[in-house]
Amino acid sequence: MTETWDFLTRTPLATTPTNYRLKGELGIIERGGATYERWQHKPTAKGAARIWFYINERTVFLEQEHTSHPNETK
C-alpha cells in the first residue's frame with residue numbers, strides 16, 4: 001500500500017494500466033454541487049482490489065475502496 005499512497009499523492013492524474021478515469025456514468029461524481037472526474041486505481045496489476053477517487057484542486061479524495069472487482073464496472 002505504500003506504493004499506492006506514493007502514487008496517489010504524487011501523480012494521481014497519470015493514466016497508466018493501473019490508474020485511469022472511469023467511463024460513462026461511473027466517470028462523474030457530484031459532491032457539494034460540483035462535478036468531478038472519478039478515477040480508479042488498482043493497487044496491483046493482477047489484483048482485484050480497486051480504489052475510486054476524485055481530485056478537487058490538489059486534494060485526492062478516496063471515495064470507495066473495493067477488495068474485489070466492483071459489480072458496477074462489470
# chains A, B, ... in the order shown; residues from 1 in each chain; ligands from 1
call {"tool": "select_by_dssp", "arguments": {"residues": "chain A", "states": "helix (DSSP H, G or I)", "output": "list in words"}}
result
Thr2, Glu3, Thr4, Trp5, Asp6, Phe7, Leu8, Thr9, Arg10, Gly24, Glu25, Leu26, Gly27, Asn71, Glu72 and Thr73 of chain A
call {"tool": "residues_around", "arguments": {"residues": "Ile55 in chain A", "least_positions_apart": "6", "cutoff": "9 Å", "atoms": "only C-alpha atoms", "output": "compact mmCIF listing (two decimals) with C-alpha atoms, in the first residue's frame"}}
result
# COMPACT_ATOMS: atom_id res chain seq x y z
CA PRO A 12 -2.87 10.82 -9.26
CA LEU A 13 -3.75 12.11 -12.75
CA TYR A 36 -15.55 15.83 -10.66
CA GLU A 37 -13.98 13.11 -12.78
CA ARG A 38 -13.88 9.76 -10.99
CA TRP A 39 -10.68 7.74 -11.29
CA PHE A 61 -10.44 12.21 -2.05
CA LEU A 62 -10.73 8.45 -1.68
call {"tool": "residues_around", "arguments": {"residues": "Glu65 in chain A", "least_positions_apart": "2", "cutoff": "12 Å", "atoms": "only C-alpha atoms", "output": "JSON, numbers by chain"}}
result
{"A": [39, 40, 41, 42, 43, 48, 49, 50, 51, 52, 53, 61, 62, 63, 67, 68, 69, 70]}
call {"tool": "closest_residue", "arguments": {"among": "A:Ala45, A:Ala34, A:Ile28, A:Met1", "to": "Thr16 in chain A", "atoms": "only C-alpha atoms"}}
result
A:Ala45
call {"tool": "decode", "arguments": {"residues": "range 54-66 of chain A", "atoms": "C-alpha atoms", "output": "PDB file, in the first residue's frame"}}
result
ATOM      1  CA  TYR A  54     -11.593  12.155  -7.359  1.00  0.00           C
ATOM      2  CA  ILE A  55      -9.490  15.277  -7.119  1.00  0.00           C
ATOM      3  CA  ASN A  56     -10.510  18.743  -6.015  1.00  0.00           C
ATOM      4  CA  GLU A  57      -7.719  21.213  -6.684  1.00  0.00           C
ATOM      5  CA  ARG A  58      -4.688  19.480  -5.125  1.00  0.00           C
ATOM      6  CA  THR A  59      -6.554  17.143  -2.772  1.00  0.00           C
ATOM      7  CA  VAL A  60      -7.202  13.474  -3.593  1.00  0.00           C
ATOM      8  CA  PHE A  61     -10.442  12.212  -2.050  1.00  0.00           C
ATOM      9  CA  LEU A  62     -10.734   8.445  -1.681  1.00  0.00           C
ATOM     10  CA  GLU A  63     -14.359   7.793  -2.438  1.00  0.00           C
ATOM     11  CA  GLN A  64     -14.672   3.999  -2.427  1.00  0.00           C
ATOM     12  CA  GLU A  65     -12.365   1.084  -1.717  1.00  0.00           C
ATOM     13  CA  HIS A  66     -13.217  -2.327  -3.106  1.00  0.00           C
TER      14      HIS A  66
END
